[in-house]
Each structure stands twice: as C-alpha cells, then as structure tokens.
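Structure file start_33.txt (compact mmCIF, C-alpha atoms) follows.
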# COMPACT_ATOMS: atom_id res chain seq x y z
CA MET A 1 -50.12 64.59 57.90
CA THR A 2 -48.81 66.37 54.80
CA ARG A 3 -45.09 66.83 55.00
CA SER A 4 -43.49 70.24 54.79
CA TRP A 5 -40.98 71.42 52.21
CA LYS A 6 -38.08 70.71 54.56
CA ASP A 7 -39.14 67.08 54.85
CA ILE A 8 -39.21 66.49 51.11
CA GLN A 9 -35.96 65.16 49.68
CA LEU A 10 -35.90 66.84 46.29
CA LYS A 11 -33.29 66.51 43.61
CA ASN A 12 -30.35 68.78 44.39
CA ILE A 13 -29.53 71.51 41.94
CA THR A 14 -25.78 71.41 41.37
CA SER A 15 -25.69 74.95 40.06
CA LYS A 16 -22.19 75.83 41.21
CA SER A 17 -20.57 72.97 39.31
CA LEU A 18 -22.91 73.59 36.38
CA PHE A 19 -22.10 77.22 35.82
CA ARG A 20 -18.39 76.70 36.48
CA ARG A 21 -18.42 74.04 33.79
CA GLN A 22 -20.25 76.48 31.53
CA GLY A 23 -17.59 79.05 32.36
CA ARG A 24 -14.86 76.67 31.31
CA LEU A 25 -16.66 76.01 28.03
CA LEU A 26 -16.89 79.73 27.36
CA ALA A 27 -13.24 80.12 28.24
CA GLY A 28 -12.42 77.51 25.61
CA VAL A 29 -14.45 79.40 23.02
CA MET A 30 -12.61 82.56 23.97
CA THR A 31 -9.23 80.89 23.46
CA VAL A 32 -10.23 80.15 19.86
CA ALA A 33 -11.52 83.68 19.32
CA LEU A 34 -8.38 85.28 20.69
CA LEU A 35 -6.12 83.18 18.48
CA GLY A 36 -7.62 84.80 15.42
CA VAL A 37 -10.40 84.23 12.92
CA THR A 38 -9.34 80.92 11.42
CA ALA A 39 -12.29 79.30 13.27
CA LEU A 40 -15.11 81.82 13.47
CA PRO A 41 -17.83 81.51 16.14
CA HIS A 42 -21.40 80.68 15.08
CA GLY A 43 -22.95 83.57 13.18
CA ALA A 44 -19.63 85.38 12.78
CA ARG A 45 -18.66 87.10 9.55
CA ALA A 46 -15.23 87.32 8.01
CA ALA A 47 -15.05 90.96 9.10
CA ASP A 48 -15.63 90.01 12.72
CA VAL A 49 -12.27 90.60 14.28
CA LEU A 50 -11.09 92.06 17.56
CA GLY A 51 -9.42 95.44 17.49
CA GLN A 52 -5.97 95.71 19.05
CA LYS A 53 -7.09 97.38 22.27
CA VAL A 54 -9.98 95.02 22.90
CA GLY A 55 -7.99 91.96 21.82
CA THR A 56 -5.01 92.79 24.04
CA ALA A 57 -7.21 93.39 27.08
CA LEU A 58 -9.12 90.15 26.54
CA GLN A 59 -5.90 88.19 26.11
CA GLN A 60 -4.81 89.55 29.49
CA ALA A 61 -8.17 88.49 30.91
CA GLN A 62 -7.72 85.02 29.42
CA THR A 63 -4.27 84.65 30.98
CA ALA A 64 -5.52 85.80 34.38
CA LEU A 65 -8.50 83.45 34.16
CA ALA A 66 -6.25 80.49 33.40
CA ALA A 67 -4.27 81.37 36.55
CA HIS A 68 -7.54 81.69 38.55
CA LYS A 69 -6.80 85.36 39.15
CA TYR A 70 -10.41 86.40 38.83
CA PRO A 71 -10.24 90.04 39.99
CA GLN A 72 -7.42 90.74 37.51
CA ALA A 73 -9.36 88.97 34.77
CA MET A 74 -12.49 91.02 35.43
CA SER A 75 -10.45 94.22 35.53
CA ALA A 76 -9.03 93.43 32.09
CA ILE A 77 -12.54 92.76 30.79
CA ASP A 78 -13.72 96.13 32.11
CA GLU A 79 -10.75 97.72 30.32
CA ALA A 80 -11.84 96.11 27.07
CA ASP A 81 -15.42 97.23 27.61
CA ALA A 82 -14.28 100.80 28.15
CA VAL A 83 -12.82 101.00 24.63
CA ALA A 84 -14.78 103.52 22.58
CA GLY A 85 -16.40 102.64 19.26
CA LYS A 86 -16.54 98.87 19.81
CA SER A 87 -18.13 96.70 17.13
CA ASP A 88 -21.05 94.40 17.87
CA TYR A 89 -18.68 91.45 17.60
CA GLU A 90 -16.29 92.99 20.12
CA SER A 91 -19.11 93.66 22.58
CA TYR A 92 -20.35 90.10 22.16
CA THR A 93 -16.88 88.66 22.74
CA ILE A 94 -16.41 90.81 25.85
CA GLU A 95 -19.68 89.41 27.30
CA GLN A 96 -18.50 85.89 26.53
CA MET A 97 -15.33 86.50 28.51
CA ARG A 98 -17.24 88.25 31.31
CA ALA A 99 -19.60 85.27 31.59
CA ALA A 100 -16.66 82.86 31.64
CA VAL A 101 -14.86 84.70 34.43
CA ALA A 102 -18.00 85.36 36.47
CA ALA A 103 -19.18 81.76 36.14
CA GLN A 104 -15.86 80.23 37.14
CA SER A 105 -15.40 82.65 40.05
CA GLY A 106 -18.98 82.22 41.29
CA ASN A 107 -19.96 85.86 40.76
CA VAL A 108 -23.64 85.13 40.22
CA PRO A 109 -25.08 88.63 39.54
CA VAL A 110 -22.42 89.44 36.94
CA ALA A 111 -22.73 86.02 35.31
CA ILE A 112 -26.51 86.35 35.07
CA SER A 113 -26.22 89.77 33.46
CA ALA A 114 -23.70 88.49 30.91
CA TYR A 115 -25.75 85.40 30.13
CA ASP A 116 -28.85 87.54 29.54
CA LYS A 117 -26.98 89.44 26.82
CA LEU A 118 -25.53 86.30 25.27
CA ILE A 119 -28.86 84.48 25.22
CA ALA A 120 -30.49 87.49 23.56
CA SER A 121 -27.84 87.64 20.85
CA PRO A 122 -28.47 86.02 17.44
CA ARG A 123 -24.77 85.10 17.45
CA THR A 124 -25.34 82.42 20.10
CA PRO A 125 -26.29 78.96 18.74
CA ALA A 126 -29.58 77.53 19.94
CA ALA A 127 -27.92 74.60 21.72
CA THR A 128 -25.57 76.96 23.53
CA LYS A 129 -28.49 79.17 24.54
CA GLU A 130 -30.09 76.14 26.17
CA GLN A 131 -26.93 75.41 28.17
CA MET A 132 -26.68 79.06 29.17
CA ALA A 133 -30.33 79.20 30.21
CA LEU A 134 -29.85 76.17 32.44
CA ALA A 135 -26.70 77.67 33.96
CA GLU A 136 -28.37 81.05 34.49
CA GLY A 137 -31.52 79.62 36.02
CA SER A 138 -29.44 77.43 38.31
CA MET A 139 -27.23 80.33 39.35
CA ALA A 140 -30.19 82.58 40.05
CA PHE A 141 -31.80 79.88 42.17
CA THR A 142 -28.62 79.35 44.16
CA ALA A 143 -28.37 83.10 44.72
CA LYS A 144 -31.99 83.03 45.97
CA ASN A 145 -32.95 85.36 43.15
CA TYR A 146 -36.15 83.42 42.61
CA PRO A 147 -37.89 85.94 40.32
CA GLN A 148 -34.89 85.79 37.97
CA ALA A 149 -34.80 81.99 38.13
CA ILE A 150 -38.50 81.88 37.30
CA ALA A 151 -38.17 84.35 34.42
CA VAL A 152 -35.30 82.42 32.84
CA THR A 153 -36.84 78.98 33.24
CA GLU A 154 -40.33 80.01 32.13
CA LYS A 155 -38.86 81.58 29.00
CA TYR A 156 -36.79 78.46 28.38
CA ILE A 157 -39.77 76.14 28.76
CA LYS A 158 -42.06 78.30 26.60
CA ALA A 159 -39.39 78.15 23.88
CA GLY A 160 -39.71 74.36 23.92
CA GLY A 161 -36.88 73.44 26.29
CA LYS A 162 -37.21 69.94 27.72
CA ASN A 163 -34.46 69.68 30.34
CA PRO A 164 -36.19 68.30 33.47
CA GLN A 165 -33.74 70.11 35.75
CA MET A 166 -35.16 73.41 34.52
CA LEU A 167 -38.62 72.28 35.64
CA THR A 168 -37.17 71.38 39.03
CA ILE A 169 -35.64 74.85 39.33
CA LEU A 170 -38.91 76.49 38.32
CA ILE A 171 -41.08 74.51 40.70
CA GLN A 172 -38.77 75.03 43.65
CA ALA A 173 -38.39 78.73 42.91
CA TYR A 174 -42.17 79.17 42.87
CA TYR A 175 -42.50 77.18 46.09
CA LEU A 176 -39.82 79.11 47.95
CA GLN A 177 -41.56 82.35 46.98
CA HIS A 178 -44.74 80.89 48.50
CA ASP A 179 -46.35 80.96 45.05
CA PHE A 180 -47.95 77.59 45.71
CA ALA A 181 -50.52 77.92 42.93
CA ASN A 182 -47.90 78.16 40.19
CA ALA A 183 -45.68 75.56 41.84
CA ALA A 184 -48.64 73.17 41.87
CA ARG A 185 -49.51 74.06 38.26
CA VAL A 186 -46.07 73.20 36.92
CA GLN A 187 -45.65 70.15 39.14
CA GLN A 188 -49.08 68.83 38.16
CA ALA A 189 -48.17 69.19 34.49
CA GLN A 190 -44.96 67.23 35.07
CA VAL A 191 -46.84 64.49 36.92
CA ASP A 192 -49.52 64.28 34.21
CA ALA A 193 -46.89 64.11 31.47
CA ALA A 194 -45.13 61.20 33.17
CA ILE A 195 -48.38 59.26 33.50
CA LYS A 196 -49.45 60.04 29.92
CA ALA A 197 -46.11 58.72 28.68
CA GLY A 198 -46.81 55.39 30.35
CA GLY A 199 -44.39 55.94 33.23
CA LYS A 200 -44.97 57.09 36.76
CA PRO A 201 -44.13 60.33 38.57
CA THR A 202 -41.31 60.24 41.08
CA GLU A 203 -42.22 60.06 44.72
CA ASN A 204 -40.63 63.48 45.32
CA GLN A 205 -42.70 65.08 42.57
CA LEU A 206 -45.90 63.80 44.12
CA GLN A 207 -44.76 64.81 47.60
CA LEU A 208 -44.09 68.36 46.45
CA LEU A 209 -47.43 68.53 44.66
CA ALA A 210 -49.13 67.39 47.88
CA ALA A 211 -47.24 70.03 49.85
CA CYS A 212 -48.48 72.74 47.46
CA GLN A 213 -52.05 71.50 47.57
CA ALA A 214 -51.96 71.42 51.37
CA GLN A 215 -50.83 75.06 51.41
CA LEU A 216 -53.62 75.95 48.97
CA ARG A 217 -56.19 73.99 51.02
CA ASP A 218 -57.04 72.12 47.82
CA ASN A 219 -58.48 69.12 49.62
CA ALA A 220 -59.80 67.41 46.49
CA GLY A 221 -56.47 67.75 44.72
CA LEU A 222 -54.57 66.67 47.83
CA THR A 223 -56.64 63.52 48.21
CA HIS A 224 -56.08 62.64 44.56
CA THR A 225 -52.33 63.14 44.90
CA TYR A 226 -52.21 60.91 47.96
CA VAL A 227 -54.17 58.30 46.03
CA GLN A 228 -51.38 58.42 43.44
CA LEU A 229 -48.68 58.25 46.11
CA ALA A 230 -50.38 55.31 47.79
CA THR A 231 -50.80 53.50 44.50
CA TYR A 232 -47.39 54.07 42.94
CA TYR A 233 -45.45 53.99 46.23
CA PRO A 234 -47.56 51.86 48.60
CA LYS A 235 -46.67 52.84 52.12
CA PRO A 236 -48.91 52.75 55.20
CA ASP A 237 -48.57 56.51 55.73
CA TYR A 238 -49.87 57.26 52.25
CA TRP A 239 -52.78 54.85 52.55
CA ALA A 240 -53.66 56.38 55.91
CA GLN A 241 -53.58 59.84 54.36
CA VAL A 242 -55.93 58.75 51.56
CA VAL A 243 -58.48 57.52 54.06
CA HIS A 244 -57.99 60.54 56.31
CA SER A 245 -58.49 62.93 53.39
CA VAL A 246 -61.67 61.26 52.26
CA LEU A 247 -63.06 60.95 55.78
CA SER A 248 -62.25 64.59 56.53
CA ASN A 249 -64.06 65.79 53.41
CA PRO A 250 -66.85 68.00 54.85
CA ASN A 251 -69.04 67.09 51.87
CA MET A 252 -68.57 63.35 52.18
CA ALA A 253 -71.81 61.46 51.58
CA PRO A 254 -72.81 59.09 54.41
CA ALA A 255 -73.73 56.54 51.73
CA LEU A 256 -70.02 56.17 50.94
CA ARG A 257 -69.02 54.74 54.32
CA LEU A 258 -68.87 51.16 53.05
CA ASP A 259 -66.87 52.30 50.01
CA ILE A 260 -64.38 54.09 52.23
CA ASP A 261 -63.96 51.01 54.38
CA ARG A 262 -63.36 48.93 51.27
CA VAL A 263 -60.56 51.34 50.37
CA ARG A 264 -59.16 50.92 53.88
CA LEU A 265 -59.32 47.16 53.47
CA GLU A 266 -57.57 47.27 50.10
CA ALA A 267 -54.94 49.57 51.61
CA GLY A 268 -54.17 47.13 54.40
CA LEU A 269 -55.40 49.49 57.09
CA VAL A 270 -58.00 47.17 58.58
CA LYS A 271 -56.25 45.44 61.48
CA THR A 272 -58.77 44.39 64.13
CA SER A 273 -61.63 41.94 64.33
CA ALA A 274 -63.99 44.78 65.25
CA GLU A 275 -63.12 46.59 62.01
CA TYR A 276 -63.72 43.51 59.87
CA MET A 277 -67.06 42.95 61.55
CA ASP A 278 -68.09 46.60 61.15
CA ILE A 279 -67.44 46.44 57.41
CA ALA A 280 -69.38 43.19 57.08
CA GLU A 281 -72.33 44.74 58.93
CA LEU A 282 -72.23 47.82 56.68
CA ALA A 283 -72.35 45.55 53.62
CA LEU A 284 -75.31 43.72 55.10
CA GLN A 285 -77.13 47.00 55.73
CA ALA A 286 -76.38 48.11 52.16
CA GLY A 287 -78.10 44.99 50.82
CA LEU A 288 -74.83 43.49 49.55
CA PRO A 289 -74.28 40.50 51.85
CA GLN A 290 -71.79 38.80 49.46
CA ILE A 291 -69.38 41.69 50.00
CA GLY A 292 -69.80 41.23 53.75
CA LEU A 293 -69.07 37.51 53.47
CA ASP A 294 -65.98 38.20 51.33
CA VAL A 295 -64.71 40.63 53.97
CA LEU A 296 -65.20 38.13 56.78
CA ASN A 297 -63.50 35.39 54.79
CA GLN A 298 -60.58 37.73 54.19
CA GLY A 299 -60.41 38.41 57.93
CA TYR A 300 -60.27 34.71 58.71
CA ALA A 301 -57.67 34.09 56.00
CA SER A 302 -55.47 36.86 57.43
CA GLY A 303 -55.64 35.32 60.89
CA VAL A 304 -57.30 38.36 62.46
CA LEU A 305 -60.71 36.77 62.97
CA GLY A 306 -61.51 33.79 65.14
CA HIS A 307 -58.71 34.19 67.69
CA ASP A 308 -59.79 36.89 70.13
CA ALA A 309 -62.64 37.66 72.51
CA ASN A 310 -64.83 38.58 69.53
CA ALA A 311 -64.56 35.09 68.04
CA PRO A 312 -68.06 33.89 69.15
CA ARG A 313 -69.68 37.09 67.92
CA THR A 314 -67.79 36.83 64.65
CA GLU A 315 -69.07 33.29 64.11
CA ARG A 316 -72.65 34.42 64.71
CA LEU A 317 -72.19 37.34 62.31
CA LYS A 318 -70.74 35.07 59.64
CA ALA A 319 -73.68 32.69 59.99
CA LEU A 320 -76.10 35.60 59.60
CA VAL A 321 -74.29 36.97 56.58
CA THR A 322 -74.05 33.54 54.97
CA GLN A 323 -77.79 33.05 55.42
CA ASN A 324 -78.44 36.45 53.81
CA VAL A 325 -76.24 35.53 50.86
CA THR A 326 -78.20 32.32 50.34
CA GLU A 327 -81.55 34.08 50.60
CA ARG A 328 -80.42 36.93 48.34
CA LYS A 329 -79.27 34.50 45.62
CA ALA A 330 -82.55 32.61 45.77
CA ALA A 331 -84.52 35.83 45.36
CA LEU A 332 -82.39 37.57 42.70
CA ASP A 333 -85.04 37.52 39.97
CA ALA A 334 -87.88 38.43 42.30
CA THR A 335 -85.91 41.31 43.80
CA ALA A 336 -84.99 42.60 40.36
CA ALA A 337 -88.62 42.47 39.22
CA GLN A 338 -89.68 44.53 42.24
CA ALA A 339 -86.93 47.14 41.77
CA THR A 340 -88.63 50.29 40.54
CA THR A 341 -86.20 53.00 41.65
CA GLY A 342 -82.72 53.76 40.42
CA ASN A 343 -81.19 52.85 43.79
CA ALA A 344 -83.01 49.53 43.98
CA MET A 345 -81.99 48.60 40.42
CA LEU A 346 -78.36 49.37 41.17
CA THR A 347 -78.37 47.20 44.29
CA ALA A 348 -80.20 44.33 42.60
CA GLY A 349 -77.87 44.49 39.62
CA TYR A 350 -74.78 44.52 41.85
CA ASN A 351 -76.06 41.38 43.58
CA TYR A 352 -76.47 39.67 40.22
CA VAL A 353 -72.81 40.46 39.44
CA LEU A 354 -71.64 39.20 42.84
CA ALA A 355 -73.61 36.00 42.23
CA GLY A 356 -71.80 35.40 38.95
CA GLN A 357 -74.45 36.72 36.55
CA ALA A 358 -72.48 39.69 35.24
CA ASP A 359 -74.34 40.38 31.99
CA LYS A 360 -77.77 40.49 33.61
CA GLY A 361 -76.48 42.46 36.61
CA LEU A 362 -74.55 45.12 34.70
CA ALA A 363 -77.48 45.68 32.34
CA LEU A 364 -79.80 46.22 35.30
CA MET A 365 -77.33 48.64 36.90
CA GLN A 366 -77.20 50.64 33.65
CA GLN A 367 -80.98 50.83 33.75
CA GLY A 368 -80.78 52.02 37.33
CA LEU A 369 -78.40 54.82 36.36
CA ALA A 370 -80.72 55.86 33.54
CA LYS A 371 -83.68 55.79 35.95
CA GLY A 372 -81.94 58.29 38.20
CA PRO A 373 -80.54 57.20 41.57
CA THR A 374 -80.33 59.48 44.59
CA ASP A 375 -76.71 60.31 43.69
CA VAL A 376 -75.66 59.54 40.12
CA ASN A 377 -71.95 59.69 40.98
CA ILE A 378 -72.28 57.11 43.73
CA GLY A 379 -74.24 55.02 41.23
CA ARG A 380 -71.43 55.30 38.69
CA LEU A 381 -68.90 54.38 41.37
CA HIS A 382 -70.81 51.20 42.20
CA LEU A 383 -71.26 50.32 38.53
CA GLY A 384 -67.51 50.69 38.03
CA LEU A 385 -66.80 48.46 41.03
CA ALA A 386 -69.26 45.89 39.72
CA GLN A 387 -67.58 45.93 36.31
CA ALA A 388 -64.22 45.43 37.99
CA ALA A 389 -65.65 42.50 39.98
CA ALA A 390 -66.87 41.01 36.70
CA GLY A 391 -63.35 41.24 35.26
CA ARG A 392 -64.20 44.00 32.79
CA LYS A 393 -61.30 46.26 33.66
CA ALA A 394 -61.45 48.62 30.67
CA ASP A 395 -65.16 49.26 31.19
CA ALA A 396 -64.60 49.72 34.92
CA ILE A 397 -61.87 52.31 34.38
CA ALA A 398 -64.01 54.25 31.91
CA THR A 399 -66.99 54.26 34.28
CA LEU A 400 -64.92 55.20 37.31
CA ASN A 401 -63.32 58.05 35.36
CA SER A 402 -66.81 59.44 34.72
CA VAL A 403 -67.45 59.91 38.45
CA GLU A 404 -67.55 63.60 39.36
CA GLY A 405 -68.53 65.79 42.27
CA THR A 406 -67.00 66.80 45.60
CA ASN A 407 -68.72 64.40 48.01
CA GLY A 408 -65.86 61.87 48.04
CA ALA A 409 -67.15 59.57 45.28
CA ARG A 410 -64.65 60.89 42.75
CA ASP A 411 -61.72 60.39 45.13
CA ILE A 412 -62.74 56.80 45.81
CA ALA A 413 -63.29 56.17 42.10
CA GLN A 414 -59.85 57.51 41.24
CA PHE A 415 -58.31 55.27 43.88
CA TRP A 416 -59.76 52.25 42.08
CA VAL A 417 -58.79 53.63 38.66
CA LEU A 418 -55.18 53.80 39.76
CA LYS A 419 -55.35 50.39 41.41
CA LEU A 420 -56.75 48.90 38.21
CA SER A 421 -54.30 50.76 35.97
CA ALA A 422 -51.09 50.48 37.98
CA PRO A 423 -48.46 47.83 37.23
CA ALA A 424 -48.78 44.62 39.20
CA ALA A 425 -45.89 45.63 41.46
CA ALA A 426 -47.87 48.63 42.68
CA HIS A 427 -50.81 46.53 43.88
What do you get writing this file as structure tokens?
Amino acid sequence: MTRSWKDIQLKNITSKSLFRRQGRLLAGVMTVALLGVTALPHGARAADVLGQKVGTALQQAQTALAAHKYPQAMSAIDEADAVAGKSDYESYTIEQMRAAVAAQSGNVPVAISAYDKLIASPRTPAATKEQMALAEGSMAFTAKNYPQAIAVTEKYIKAGGKNPQMLTILIQAYYLQHDFANAARVQQAQVDAAIKAGGKPTENQLQLLAACQAQLRDNAGLTHTYVQLATYYPKPDYWAQVVHSVLSNPNMAPALRLDIDRVRLEAGLVKTSAEYMDIAELALQAGLPQIGLDVLNQGYASGVLGHDANAPRTERLKALVTQNVTERKAALDATAAQATTGNAMLTAGYNYVLAGQADKGLALMQQGLAKGPTDVNIGRLHLGLAQAAAGRKADAIATLNSVEGTNGARDIAQFWVLKLSAPAAAH
C-alpha cells in the first residue's frame, strides 16, 4: 500500500539553526554599520549615515543582542524606528537590526516581516537576498505559516534560485496544506530534472510523489512512480506495488496478462511452481512457446520447479512446451506466409526473433504494426520487448517510449524502459 506522509522520512529542515545563523550574520553587518561609514554596505552612498538618535538606539540594541537580552534589544529597535524623519538608509538599517534580533531570538513573525522588507530593498545584494529567502521560507515553514512559506519559495524559484532545500520546503508546505496537486507538480519536476541530468531521484522524493498521486487518485502516475521506485531502489514492496497497480487498473487489457506476469517474474515475485507453470501456459496460449520454455527453465534453475508435488505435471508441461517450440521453429516461414492480420504478423515476427532470426522477425513485426493490430499500443509493447530480446536496446527504449494509452500497456512499457536504462546495480 502507498505510505502516508508520516511514514516518509524526508529531509529535515533545520530552520531554527538556519535563521539564527542568518541573524548572527546580520548582527555582524550591523556592527560594521554602527562603527561608521568607513565600510559602506552594498548599494550605500557616502551620504548614508545614521543620525544620532537612530544610531544611539541601534548601538543599544547591538549591545543587548550581544548579551542575548532580546526584549531589551527589540525595545531599542522600536525606539529607533519611532524617530521622526528617518532616511531610507536609517529605515533599512533598522530592519537589518530587527531581523537580526528576531532571527536569533526565534521570533518568527517579526523576522519574516523584516526579511520581506530587506529582500524587497535594492540595497540588499542578490546573494544575501537568496540567504534571506531561504531563512524566511524555513522560518515560515517551522511556524506552520505554509502560505507564507509557499509565497517566499515560489518567488525564489521563479527568480532562478537553485537551492534544493527551498524545493523541499515548497513541496512539504504544499503537502501539509493538502494541496497535493501542486506538491506533485513540484516534486515531479524535481524527479524529472534528476533523471534528465543523468542521476536518479532520491527514494524520499519518489515516495512523496507517490503519496501525492495516491491522494489525487492518479493511478497512472502512481504506477509509473512505483516503477521508478522499484527500478532505482529494488525492494519487494515496490515490485509488489507495481504489479498491484497494474493489476488493479480498471482499464487493463486481458491481452496483457502474460506481460504482467513477465514483469512479476523480472521483479522476483514469482515464488511457486504453480506460478511458473501458469506463466508458461499463458505463453503457450499466446503462441510464444519459447517464452514459456524460458520461464520453465528459469524455474528449474532457481530450484523452485521439480521438487514438489507438481513435479510430474511440470515435466509433462515442459515436454509439451518443448515440442511446441520445435514445431514452431520448423514452421516459421509457413506461419509468416499465412499471417494476414496485424496480430498474426506480430506473433510470427516475435517467434522469428526468439528463434534467433532478429532481422526477419523485427521487419515482420513492423509490418504487423503498419497493418493495424487489435491494439496498437500492445503491438508496440511487444515490438519493444522483441527488440530488447534481440539486443537492440536503443531501438527497444524508443519503441517502448512510444507506447501510450491507459490500459496498462504504457505502465508495463515504462517498467522495461527503466530496466533497460537503469545502471547495472539497479537491475
């Protein structure tokens, strides 16, 4: 089952330490400002000086802050702010000190208000604005002011900010407001960016995306996310969820049953002799006896087959399947010549590939697709699997990526795309 938010171990947001550190940085800036104008802040002009009343009050605030006397420090700041006729520079410096005191004392609402003014000011350097935005978004999140956290982080990201912690704040803020659509949107973008860059999403990112999709009842998206989880982080629970999602698809085509079982086999979910035999029988019924024989051989190699009460029946089934393989190989050309429908051409071509005649088989399957099978997406899925069996991975991935629709074929195709594309360690 899809895990809930509480079960997902997401990266902690260390907002308290972050904004206290930001407060200390601001306090350091203020020390320079209060010493005079020998080192002017960014954007300052030579005429930017503190008047006596404002300067004296802010020096008192600085002293109180250094002694961790936060109420006294804030009182001194309010005294400076009450001075009539302040210059823009004086107002800016007062907000710097207010942000420093509020951040170090953990006064989130006051710190957020001060940071808003500082971020909006042209006096604040771009790099400092980025630090302030991260501190403000983190503080707002910690204070459970999720709308504020979202506003700050969205603005930061739209301005080109790249800090991944801001994305974490944004996604979690959306989720905790039950805005699952936007949480999924941002998380999906983060996942896609990681894959596009040649890396892989973190397990937590994929878990959160799955949690959002479950809340949205986005079954197609949820299945795809579990395919990614199962591929990048192969665990039995994820493989089971992939199969469960595909099987529970109300639009799943009955013709995909063998394909689903092949996914189960690849995922290591086939455990009993009865399951191995069922898959072999499905392959036989589909006119692909070589696949059935491969499955049975895999069952014997794993030690599952040949050791239980089903052993005699398994031997009889293997003999039948082996005979069908022999007969099918002997009749490949005749069967291909008699194939007049898209479905028949696809099956005949697949058998050519399984018999080691890839060029002839893949060409016939292409003709079958052009002829028009019952379901073109299932046809594309099988062509992609045949290309993979022939060792033509790039062609297989391209074909599998072309599979569309909502009947389960796309989900199965994407499973194989990820299996073919993932690093060897993920197989």
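Between CA of Ile94 in chain A and CA of Ser121 in chain A there is a distance of 12.9 Å.
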Practice prompt. Write out as a list in words the residues lying within 10 Å of Val83 in chain A, counting all atoms listed in the file and excluding same-chain residues fewer than 2 positions away.
Written response: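 In the requested format, the answer is Gly51, Lys53, Val54, Ala57, Asp78, Glu79, Ala80, Asp81, Gly85, Lys86, Glu90 and Ser91 of chain A.
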Worksheet entry | Near-range 332-342 of chain A list (10 Å; all atoms listed in the file; drop same-chain fewer than 6 positions) as a PyMOL selection string | chain A and resi 348-349+351-352+355+361+364-376+379
Discussion item. Quick one: residues within 6 Å of range 234-250 of chain A, all atoms listed in the file, excluding same-chain residues fewer than 3 positions away - as a VMD selection string?
Written reply: chain A and resid 223 226 to 227 230 to 231 267 408
Worksheet item: Given the choices A:Gly391, A:Gln205, A:Ala358, A:Asp88, which gets closest to Ala193 in chain A if the distance is worked out from only C-alpha atoms?
Response: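 Comparing A:Gly391, A:Gln205, A:Ala358, A:Asp88 against Ala193 in chain A, the winner is A:Gln205.
Taking CA of Leu400 in chain A and CA of Tyr350 in chain A as endpoints, the distance between them is 15.2 Å.
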Might I get the box with edges along x, y and z of the file that holds all atoms of range 332-342 of chain A listed there, padded by 6 Å on every side, given as centre and edge lengths in Å to one decimal, as lines of an AutoDock Vina configuration file?
center_x = -86.0
center_y = 45.6
center_z = 41.5
size_x = 19.3
size_y = 28.2
size_z = 16.6
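CA of Pro289 in chain A sits 5.4 Å away from CA of Val325 in chain A.
Minimum atom-to-atom distances from A:Ala133, A:Ala114, A:Leu418, A:Ile157 to Arg98 in chain A were compared using only C-alpha atoms, and the lowest value belongs to A:Ala114.
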Fill in: Spatial neighbours of Lys129 in chain A, 9 Å, all atoms listed in the file, chain gap at least 2 places, as a VMD selection string
chain A and resid 115 118 to 120 124 to 127 131 to 134
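Distance check against Thr272 in chain A using only C-alpha atoms: of A:His307, A:Arg123, A:Lys419, A:Arg185, the minimum falls on A:His307.
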Fill in: For range 298-304 of chain A: contacts at 8 Å, all atoms listed in the file, fewer than 6 positions along chain excluded, given as a count of residues only
4
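For the point (-32.7, 75.1, 38.3), the residues with an atom at a distance of at most 8 Å are Ile13, Ser15, Leu134, Ala135, Gly137, Ser138, Met139, Phe141, Ala149, Thr153, Gln165, Met166, Leu167, Thr168, Ile169 and Leu170 of chain A, counting only C-alpha atoms.
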Discussion item. Just checking: using all atoms listed in the file, which residue out of A:Asn145, A:Lys393, A:Met252, A:Lys196 ends up closest to Tyr174 in chain A?
Written reply: A:Asn145
Discussion item. Could you check the closest approach to Gln104 in chain A for each of A:Lys200, A:Lys69, A:Arg316, A:Lys144 and tell me which residue wins, using all atoms listed in the file?
Written reply: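 Using all atoms listed in the file, the shortest distance to Gln104 in chain A belongs to A:Lys69.
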Show me as an mmCIF file with C-alpha atoms, in the coordinates of the input the residues that reach within 10 Å of (-73.0, 56.1, 51.0), counting all atoms listed in the file and using the file's own coordinates.
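So part.cif came out as:
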data_model
loop_
_atom_site.group_PDB
_atom_site.id
_atom_site.type_symbol
_atom_site.label_atom_id
_atom_site.label_comp_id
_atom_site.auth_asym_id
_atom_site.auth_seq_id
_atom_site.Cartn_x
_atom_site.Cartn_y
_atom_site.Cartn_z
ATOM 1 C CA MET A 252 -68.570 63.350 52.180
ATOM 2 C CA ALA A 253 -71.810 61.460 51.580
ATOM 3 C CA PRO A 254 -72.810 59.090 54.410
ATOM 4 C CA ALA A 255 -73.730 56.540 51.730
ATOM 5 C CA LEU A 256 -70.020 56.170 50.940
ATOM 6 C CA ARG A 257 -69.020 54.740 54.320
ATOM 7 C CA LEU A 258 -68.870 51.160 53.050
ATOM 8 C CA ASP A 259 -66.870 52.300 50.010
ATOM 9 C CA ILE A 260 -64.380 54.090 52.230
ATOM 10 C CA ALA A 286 -76.380 48.110 52.160
ATOM 11 C CA ASP A 375 -76.710 60.310 43.690
ATOM 12 C CA ILE A 378 -72.280 57.110 43.730
ATOM 13 C CA GLY A 379 -74.240 55.020 41.230
ATOM 14 C CA ASN A 407 -68.720 64.400 48.010
ATOM 15 C CA GLY A 408 -65.860 61.870 48.040
ATOM 16 C CA ALA A 409 -67.150 59.570 45.280
#
Worksheet entry | Counting all atoms listed in the file, the option among A:Glu130, A:Leu209, A:Leu229, A:Ala386 closest to Ile291 in chain A |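 Among the listed residues, the smallest separation from Ile291 in chain A belongs to A:Ala386.
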Limit the output to C-alpha atoms and give range 352-367 of chain A as a PDB file, in the first residue's frame.
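Final output, selection-v5.pdb:
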ATOM      1  CA  TYR A 352      11.385 -15.298 -35.555  1.00  0.00           C
ATOM      2  CA  VAL A 353      13.224 -13.087 -33.040  1.00  0.00           C
ATOM      3  CA  LEU A 354      13.006 -15.724 -30.305  1.00  0.00           C
ATOM      4  CA  ALA A 355      14.403 -18.262 -32.761  1.00  0.00           C
ATOM      5  CA  GLY A 356      17.435 -16.088 -33.438  1.00  0.00           C
ATOM      6  CA  GLN A 357      16.306 -14.500 -36.719  1.00  0.00           C
ATOM      7  CA  ALA A 358      16.034 -10.932 -35.457  1.00  0.00           C
ATOM      8  CA  ASP A 359      16.195  -9.011 -38.739  1.00  0.00           C
ATOM      9  CA  LYS A 360      13.440 -11.027 -40.406  1.00  0.00           C
ATOM     10  CA  GLY A 361      11.307 -11.064 -37.252  1.00  0.00           C
ATOM     11  CA  LEU A 362      11.520  -7.360 -36.431  1.00  0.00           C
ATOM     12  CA  ALA A 363      10.743  -6.423 -40.038  1.00  0.00           C
ATOM     13  CA  LEU A 364       7.634  -8.611 -39.957  1.00  0.00           C
ATOM     14  CA  MET A 365       6.541  -7.083 -36.650  1.00  0.00           C
ATOM     15  CA  GLN A 366       6.888  -3.592 -38.151  1.00  0.00           C
ATOM     16  CA  GLN A 367       4.659  -4.722 -41.000  1.00  0.00           C
TER      17      GLN A 367
END
